[in-house]
file coords_8.txt (compact mmCIF, C-alpha atoms)
# COMPACT_ATOMS: atom_id res chain seq x y z
CA MET A 1225 -28.40 -27.19 -3.43
CA ALA A 1226 -26.08 -24.21 -3.76
CA GLU A 1227 -23.56 -23.77 -1.00
CA ALA A 1228 -24.39 -20.91 1.35
CA TRP A 1229 -22.27 -17.80 0.97
CA ARG A 1230 -19.56 -17.57 3.60
CA GLY A 1231 -18.00 -14.23 4.07
CA ILE A 1232 -17.85 -10.80 5.61
CA ARG A 1233 -19.61 -7.64 4.53
CA VAL A 1234 -18.56 -4.26 5.77
CA THR A 1235 -19.31 -0.69 4.78
CA ILE A 1236 -16.97 2.20 5.43
CA PRO A 1237 -17.21 5.92 4.78
CA SER A 1238 -14.96 7.40 2.13
CA GLU A 1239 -12.25 8.53 4.55
CA VAL A 1240 -8.68 7.28 4.45
CA ARG A 1241 -8.50 6.86 8.23
CA PHE A 1242 -10.87 3.91 7.91
CA LEU A 1243 -8.46 1.97 5.72
CA GLY A 1244 -6.29 0.88 8.67
CA PRO A 1245 -9.16 -1.02 10.32
CA ILE A 1246 -10.04 -2.53 6.94
CA ARG A 1247 -6.51 -3.86 6.58
CA ILE A 1248 -6.76 -5.54 9.98
CA MET A 1249 -10.02 -7.20 8.95
CA ILE A 1250 -8.54 -8.27 5.63
CA ASP A 1251 -5.50 -9.73 7.36
CA GLU A 1252 -7.76 -11.75 9.65
CA ALA A 1253 -9.76 -12.95 6.64
CA CYS A 1254 -6.53 -14.02 4.97
CA GLY A 1255 -5.67 -15.92 8.13
CA ILE A 1256 -8.98 -17.79 7.95
CA SER A 1257 -8.10 -18.73 4.37
CA GLY A 1258 -4.69 -20.00 5.45
CA LEU A 1259 -2.70 -17.63 3.29
CA THR A 1260 1.01 -17.21 3.88
CA GLU A 1261 2.38 -14.05 5.48
CA GLU A 1262 3.59 -12.89 2.07
CA ASP A 1263 0.18 -13.45 0.47
CA ARG A 1264 -1.55 -11.73 3.39
CA ALA A 1265 0.60 -8.66 2.88
CA GLU A 1266 -0.17 -8.67 -0.85
CA VAL A 1267 -3.92 -8.88 -0.29
CA GLN A 1268 -3.71 -6.03 2.22
CA ILE A 1269 -1.86 -3.77 -0.20
CA ALA A 1270 -4.29 -4.59 -3.02
CA VAL A 1271 -7.37 -3.79 -0.93
CA GLN A 1272 -5.70 -0.66 0.41
CA GLU A 1273 -4.98 0.58 -3.10
CA GLY A 1274 -8.43 -0.34 -4.38
CA CYS A 1275 -10.19 1.56 -1.59
CA ALA A 1276 -7.78 4.50 -1.78
CA ASN A 1277 -8.47 4.81 -5.50
CA VAL A 1278 -12.20 4.93 -4.81
CA ILE A 1279 -11.74 7.69 -2.23
CA ARG A 1280 -9.29 9.73 -4.30
CA HIS A 1281 -10.47 9.27 -7.86
CA CYS A 1282 -14.10 8.21 -7.68
CA TYR A 1283 -15.23 10.34 -4.74
CA LYS A 1284 -12.58 13.08 -5.20
CA SER A 1285 -11.68 12.76 -1.48
CA GLU A 1286 -15.18 13.79 -0.49
CA ALA A 1287 -16.06 12.34 2.93
CA GLY A 1288 -19.43 10.77 3.69
CA LYS A 1289 -19.68 8.59 0.59
CA ARG A 1290 -20.07 4.87 0.87
CA ILE A 1291 -17.70 2.00 0.11
CA ASP A 1292 -18.93 -1.58 0.46
CA LEU A 1293 -16.53 -4.47 0.87
CA ARG A 1294 -17.53 -8.07 0.54
CA VAL A 1295 -15.03 -10.78 1.43
CA SER A 1296 -15.97 -14.22 0.17
CA PHE A 1297 -14.31 -17.45 1.24
CA PHE A 1298 -14.19 -20.06 -1.50
CA LYS A 1299 -12.44 -23.41 -1.49
CA GLU A 1300 -10.00 -22.30 -4.12
CA ALA A 1301 -9.74 -18.58 -3.50
CA LEU A 1302 -10.30 -15.56 -1.35
CA GLU A 1303 -12.31 -12.88 -3.17
CA ILE A 1304 -12.75 -9.26 -2.14
CA ARG A 1305 -15.23 -7.04 -3.91
CA VAL A 1306 -15.14 -3.28 -3.49
CA ASP A 1307 -18.29 -1.42 -4.55
CA ASP A 1308 -18.52 2.31 -4.97
CA TYR A 1309 -21.52 4.47 -5.76
CA GLY A 1310 -19.83 6.90 -8.08
CA THR A 1311 -19.63 6.84 -11.83
CA PHE A 1312 -18.53 3.70 -13.63
CA VAL A 1313 -14.99 3.96 -14.90
CA ASP A 1314 -14.02 2.13 -18.06
CA PRO A 1315 -11.35 -0.44 -17.11
CA ALA A 1316 -9.35 0.62 -20.15
CA GLN A 1317 -8.94 4.00 -18.47
CA ILE A 1318 -7.64 2.47 -15.25
CA ARG A 1319 -3.95 1.97 -15.58
CA GLY A 1320 -0.90 3.02 -13.67
CA ARG A 1321 2.24 4.63 -14.92
CA GLU A 1322 5.12 2.80 -16.53
CA LEU A 1323 7.58 1.75 -13.83
CA GLU A 1324 10.42 3.29 -15.80
CA ASP A 1325 8.68 6.64 -15.54
CA VAL A 1326 9.90 7.32 -12.01
CA ARG A 1327 7.77 9.91 -10.28
CA PRO A 1328 5.58 10.05 -7.20
CA GLY A 1329 2.16 8.49 -7.73
CA GLY A 1330 0.58 6.12 -10.21
CA LEU A 1331 1.69 2.89 -8.54
CA GLY A 1332 -1.57 1.77 -6.95
CA VAL A 1333 -2.99 -0.08 -9.95
CA HIS A 1334 0.36 -1.72 -10.60
CA LEU A 1335 0.54 -2.92 -6.99
CA MET A 1336 -2.95 -4.40 -7.23
CA ARG A 1337 -2.18 -6.26 -10.43
CA LYS A 1338 1.13 -7.59 -9.15
CA SER A 1339 -0.31 -8.64 -5.78
CA MET A 1340 -3.45 -10.48 -6.86
CA ASP A 1341 -4.21 -13.35 -9.21
CA GLU A 1342 -7.20 -11.51 -10.69
CA VAL A 1343 -8.16 -7.84 -10.77
CA ARG A 1344 -11.46 -7.05 -12.50
CA TYR A 1345 -13.61 -3.97 -12.88
CA ALA A 1346 -17.30 -4.01 -13.75
CA LYS A 1347 -20.25 -1.68 -13.68
CA ASN A 1348 -22.43 -2.39 -10.67
CA ALA A 1349 -26.19 -2.18 -10.15
CA TRP A 1350 -25.89 1.33 -8.68
CA GLY A 1351 -24.04 2.78 -11.65
CA GLY A 1352 -20.72 2.71 -9.86
CA THR A 1353 -17.77 0.38 -10.18
CA THR A 1354 -17.17 -3.02 -8.62
CA LEU A 1355 -13.53 -3.92 -8.19
CA THR A 1356 -13.01 -7.65 -7.73
CA LEU A 1357 -9.73 -8.91 -6.29
CA VAL A 1358 -8.98 -12.63 -6.23
CA LYS A 1359 -6.19 -14.46 -4.44
CA ARG A 1360 -6.02 -18.15 -5.21
CA LEU A 1361 -5.34 -20.50 -2.32
CA GLY A 1362 -3.17 -23.54 -2.07
CA LYS A 1363 -0.31 -22.29 -4.22
CA GLU A 1364 1.98 -22.81 -1.26
CA GLY A 1365 -0.09 -25.06 0.92
CA GLY A 1366 -2.97 -22.74 1.81
CA ALA A 1367 -5.24 -24.34 4.41
CA LYS A 1368 -8.08 -25.34 2.13
CA GLU A 1369 -9.87 -27.15 4.91
CA ASN A 1370 -10.58 -23.78 6.47
CA ALA A 1371 -11.99 -22.27 3.34
CA MET B 197 2.40 6.28 12.66
CA LYS B 198 5.16 7.88 14.70
CA VAL B 199 8.05 9.80 13.18
CA THR B 200 11.12 11.12 14.94
CA ARG B 201 13.95 13.13 13.43
CA GLU B 202 17.44 13.61 14.79
CA THR B 203 20.69 15.02 13.49
CA ARG B 204 23.80 12.81 13.40
CA ASN B 205 26.75 15.05 12.64
CA LYS B 206 25.38 16.80 9.56
CA ASP B 207 23.21 13.89 8.48
CA VAL B 208 19.60 13.41 9.46
CA LEU B 209 18.08 10.19 10.75
CA VAL B 210 14.32 9.88 10.38
CA SER B 211 12.84 6.93 12.28
CA VAL B 212 9.36 5.76 11.39
CA GLN B 213 7.03 3.44 13.25
CA GLY B 214 3.70 1.93 12.15
CA SER B 215 1.98 2.28 8.78
CA VAL B 216 3.07 4.69 6.07
CA ASP B 217 -0.08 5.03 4.03
CA ILE B 218 -2.42 7.54 2.43
CA TYR B 219 -3.60 8.59 5.88
CA SER B 220 -0.23 8.99 7.60
CA SER B 221 2.21 9.85 4.81
CA PRO B 222 1.58 13.65 5.01
CA GLU B 223 3.17 13.56 8.47
CA LEU B 224 6.25 11.80 7.11
CA ARG B 225 6.38 14.25 4.21
CA GLY B 226 6.44 17.09 6.74
CA GLU B 227 9.38 15.63 8.66
CA LEU B 228 11.29 14.97 5.46
CA LYS B 229 10.61 18.49 4.29
CA VAL B 230 12.48 19.85 7.32
CA ALA B 231 15.47 17.62 6.59
CA LEU B 232 15.40 18.59 2.91
CA GLU B 233 15.27 22.30 3.74
CA GLN B 234 18.36 21.79 5.93
CA ARG B 235 20.00 20.29 2.82
CA ALA B 236 21.29 17.43 4.93
CA PRO B 237 24.10 15.68 3.00
CA LYS B 238 22.52 12.35 3.84
CA ILE B 239 19.03 11.52 5.01
CA VAL B 240 18.63 8.05 6.49
CA ILE B 241 15.09 6.75 6.89
CA ASP B 242 14.83 3.90 9.38
CA LEU B 243 11.86 1.71 8.42
CA GLU B 244 12.60 -1.15 10.82
CA LYS B 245 9.38 -0.56 12.76
CA VAL B 246 7.25 0.09 9.71
CA THR B 247 4.65 -2.62 9.22
CA PHE B 248 2.95 -1.40 6.05
CA VAL B 249 3.68 0.92 3.12
CA ASP B 250 1.21 1.78 0.36
CA SER B 251 1.61 3.72 -2.89
CA SER B 252 1.18 7.04 -1.08
CA GLY B 253 4.04 6.11 1.23
CA LEU B 254 6.14 5.16 -1.78
CA ALA B 255 5.26 8.45 -3.46
CA THR B 256 6.42 10.35 -0.38
CA LEU B 257 9.77 8.57 -0.46
CA ILE B 258 10.21 9.04 -4.23
CA GLU B 259 9.47 12.74 -3.86
CA ALA B 260 12.09 13.03 -1.10
CA LEU B 261 14.64 11.12 -3.18
CA GLN B 262 14.12 13.41 -6.14
CA ARG B 263 14.47 16.50 -3.97
CA VAL B 264 17.63 15.22 -2.27
CA HIS B 265 19.15 14.53 -5.67
CA GLU B 266 18.47 18.14 -6.67
CA TYR B 267 21.17 19.26 -4.26
CA GLN B 268 23.38 16.19 -4.77
CA GLY B 269 22.54 14.72 -1.38
CA LYS B 270 21.88 11.07 -0.50
CA LEU B 271 18.81 9.34 0.80
CA VAL B 272 19.17 5.87 2.27
CA LEU B 273 16.47 3.51 3.53
CA CYS B 274 17.22 0.87 6.12
CA GLY B 275 15.71 -1.91 8.22
CA LEU B 276 12.96 -2.93 5.80
CA ARG B 277 11.09 -6.05 6.90
CA THR B 278 10.31 -8.63 4.22
CA THR B 279 6.71 -7.58 3.61
CA VAL B 280 7.69 -3.92 3.24
CA LEU B 281 10.63 -4.73 1.00
CA SER B 282 8.34 -6.75 -1.24
CA VAL B 283 6.29 -3.61 -1.97
CA PHE B 284 9.47 -1.95 -3.20
CA GLN B 285 10.31 -5.04 -5.25
CA LEU B 286 6.84 -5.20 -6.84
CA THR B 287 7.36 -1.66 -8.10
CA ASN B 288 11.07 -2.03 -8.97
CA LEU B 289 11.84 0.69 -6.44
CA ASP B 290 14.38 -1.56 -4.74
CA ASN B 291 16.58 -0.69 -7.72
CA LEU B 292 15.99 3.03 -7.33
CA PHE B 293 16.60 3.45 -3.61
CA GLU B 294 19.78 2.72 -1.70
CA ILE B 295 18.68 0.17 0.89
CA ARG B 296 20.80 -0.94 3.84
CA PRO B 297 20.07 -3.53 6.51
CA THR B 298 20.71 -1.31 9.55
CA VAL B 299 20.89 2.30 10.62
CA GLN B 300 24.60 1.93 11.28
CA ALA B 301 25.26 0.57 7.80
CA ALA B 302 23.15 3.37 6.30
CA LEU B 303 24.96 6.11 8.21
CA GLU B 304 28.40 4.67 7.47
CA GLY B 305 27.81 3.73 3.83
call {"tool": "encode", "arguments": {"input": "coords_8.txt", "output": "structure tokens"}}
result
Amino acid sequence: MAEAWRGIRVTIPSEVRFLGPIRIMIDEACGISGLTEEDRAEVQIAVQEGCANVIRHCYKSEAGKRIDLRVSFFKEALEIRVDDYGTFVDPAQIRGRELEDVRPGGLGVHLMRKSMDEVRYAKNAWGGTTLTLVKRLGKEGGAKENA
Amino acid sequence: MKVTRETRNKDVLVSVQGSVDIYSSPELRGELKVALEQRAPKIVIDLEKVTFVDSSGLATLIEALQRVHEYQGKLVLCGLRTTVLSVFQLTNLDNLFEIRPTVQAALEG
């Protein structure tokens, strides 16, 4: 029999002031997974950037749109999925600037890729984009018994 | 986020507390704008009490650095905790900014 899904689902409106509470929730979820302080900070920044990109680029900073987050606890990893209800964006089009090109902006995608073990984009059932962020556990003694 | 700004001789010390993110960074940008318009020879940004910085926060600091360089001034960051410093390291910005451990070291350096 398949193992029951264990996780947290939360929906926020497309407003940047809601990202602070999301970071607190994500940090707590990382704690449940036994991630180190460094890993917890990396997951927070990745989720922050993923959600901020949805608000800024997908919803054009329009309030009142919907962002769904689903945090899943697996034995080997913590997975966060971010669903938007905008228009699917081709992953090939999602890339940050070159780090040598020093200017404000364009670092969000880079931060996500550097912080997480996996960053994936896919078209979702609503025509929008699902961003999947994966942090593997146990690299430095993550508490697998909690996952 | 809380931001305070004070003048030390001709230099400006900007102290920040809390999260510097897409929500709060416009407030920091506003405080830095005042210091930049004063053409302070050195702007020190104390990040000791900053718990989180995202790409918008980084963009605000890069923008300030570029503007301070336009008039040959200096911008120095100090007091970064490990998790905040790692965001700079992930983006190679630790090589771009002058980073000091304390306010005193930043003001004297």
call {"tool": "closest_atom_pairs", "arguments": {"input": "coords_8.txt", "of": "chain A", "to": "chain B", "cutoff": "10 Å", "atoms": "all atoms listed in the file", "output": "JSON lines"}}
result
{"residue": "A:Glu1239", "atom": "CA", "partner": "B:Tyr219", "partner_atom": "CA", "distance": 8.8}
{"residue": "A:Val1240", "atom": "CA", "partner": "B:Tyr219", "partner_atom": "CA", "distance": 5.4}
{"residue": "A:Arg1241", "atom": "CA", "partner": "B:Tyr219", "partner_atom": "CA", "distance": 5.7}
{"residue": "A:Phe1242", "atom": "CA", "partner": "B:Tyr219", "partner_atom": "CA", "distance": 8.9}
{"residue": "A:Leu1243", "atom": "CA", "partner": "B:Tyr219", "partner_atom": "CA", "distance": 8.2}
{"residue": "A:Gly1244", "atom": "CA", "partner": "B:Ser215", "partner_atom": "CA", "distance": 8.4}
{"residue": "A:Arg1247", "atom": "CA", "partner": "B:Phe248", "partner_atom": "CA", "distance": 9.8}
{"residue": "A:Glu1261", "atom": "CA", "partner": "B:Thr279", "partner_atom": "CA", "distance": 8.0}
{"residue": "A:Glu1262", "atom": "CA", "partner": "B:Thr279", "partner_atom": "CA", "distance": 6.3}
{"residue": "A:Asp1263", "atom": "CA", "partner": "B:Thr279", "partner_atom": "CA", "distance": 9.3}
{"residue": "A:Arg1264", "atom": "CA", "partner": "B:Thr279", "partner_atom": "CA", "distance": 9.2}
{"residue": "A:Ala1265", "atom": "CA", "partner": "B:Thr279", "partner_atom": "CA", "distance": 6.2}
{"residue": "A:Glu1266", "atom": "CA", "partner": "B:Thr279", "partner_atom": "CA", "distance": 8.3}
{"residue": "A:Gln1268", "atom": "CA", "partner": "B:Phe248", "partner_atom": "CA", "distance": 9.0}
{"residue": "A:Ile1269", "atom": "CA", "partner": "B:Asp250", "partner_atom": "CA", "distance": 6.4}
{"residue": "A:Ala1270", "atom": "CA", "partner": "B:Asp250", "partner_atom": "CA", "distance": 9.1}
{"residue": "A:Gln1272", "atom": "CA", "partner": "B:Asp250", "partner_atom": "CA", "distance": 7.3}
{"residue": "A:Glu1273", "atom": "CA", "partner": "B:Asp250", "partner_atom": "CA", "distance": 7.2}
{"residue": "A:Ala1276", "atom": "CA", "partner": "B:Ile218", "partner_atom": "CA", "distance": 7.5}
{"residue": "A:Arg1280", "atom": "CA", "partner": "B:Ile218", "partner_atom": "CA", "distance": 9.9}
{"residue": "A:Glu1322", "atom": "CA", "partner": "B:Thr287", "partner_atom": "CA", "distance": 9.8}
{"residue": "A:Leu1323", "atom": "CA", "partner": "B:Thr287", "partner_atom": "CA", "distance": 6.7}
{"residue": "A:Glu1324", "atom": "CA", "partner": "B:Asn288", "partner_atom": "CA", "distance": 8.7}
{"residue": "A:Val1326", "atom": "CA", "partner": "B:Ile258", "partner_atom": "CA", "distance": 8.0}
{"residue": "A:Arg1327", "atom": "CA", "partner": "B:Ile258", "partner_atom": "CA", "distance": 6.6}
{"residue": "A:Pro1328", "atom": "CA", "partner": "B:Ala255", "partner_atom": "CA", "distance": 4.1}
{"residue": "A:Gly1329", "atom": "CA", "partner": "B:Ala255", "partner_atom": "CA", "distance": 5.3}
{"residue": "A:Gly1330", "atom": "CA", "partner": "B:Ser251", "partner_atom": "CA", "distance": 7.8}
{"residue": "A:Leu1331", "atom": "CA", "partner": "B:Ser251", "partner_atom": "CA", "distance": 5.7}
{"residue": "A:Gly1332", "atom": "CA", "partner": "B:Ser251", "partner_atom": "CA", "distance": 5.5}
{"residue": "A:Val1333", "atom": "CA", "partner": "B:Ser251", "partner_atom": "CA", "distance": 9.2}
{"residue": "A:His1334", "atom": "CA", "partner": "B:Thr287", "partner_atom": "CA", "distance": 7.4}
{"residue": "A:Leu1335", "atom": "CA", "partner": "B:Leu286", "partner_atom": "CA", "distance": 6.7}
{"residue": "A:Met1336", "atom": "CA", "partner": "B:Leu286", "partner_atom": "CA", "distance": 9.8}
{"residue": "A:Arg1337", "atom": "CA", "partner": "B:Leu286", "partner_atom": "CA", "distance": 9.8}
{"residue": "A:Lys1338", "atom": "CA", "partner": "B:Leu286", "partner_atom": "CA", "distance": 6.6}
{"residue": "A:Ser1339", "atom": "CA", "partner": "B:Leu286", "partner_atom": "CA", "distance": 8.0}
call {"tool": "atom_distance", "arguments": {"input": "coords_8.txt", "atom1": "atom CA of Val1313 of chain A", "atom2": "atom CA of Val1343 of chain A"}}
result
14.2 Å
call {"tool": "atom_distance", "arguments": {"input": "coords_8.txt", "atom1": "atom CA of Tyr1309 of chain A", "atom2": "atom CA of Tyr1283 of chain A"}}
result
8.7 Å
call {"tool": "atom_distance", "arguments": {"input": "coords_8.txt", "atom1": "atom CA of Leu1361 of chain A", "atom2": "atom CA of Ile1291 of chain A"}}
result
25.8 Å
call {"tool": "closest_residue", "arguments": {"input": "coords_8.txt", "among": "B:Leu209, B:Leu224, B:Met197, B:Ala301", "to": "Val240 of chain B", "atoms": "only C-alpha atoms"}}
result
B:Leu209
call {"tool": "residues_near_point", "arguments": {"input": "coords_8.txt", "point": "(13.0, 10.6, 19.2)", "cutoff": "9 Å", "atoms": "only C-alpha atoms", "output": "compact mmCIF listing (two decimals) with C-alpha atoms, keeping the file's coordinate frame"}}
result
# COMPACT_ATOMS: atom_id res chain seq x y z
CA VAL B 199 8.05 9.80 13.18
CA THR B 200 11.12 11.12 14.94
CA ARG B 201 13.95 13.13 13.43
CA GLU B 202 17.44 13.61 14.79
CA VAL B 210 14.32 9.88 10.38
CA SER B 211 12.84 6.93 12.28
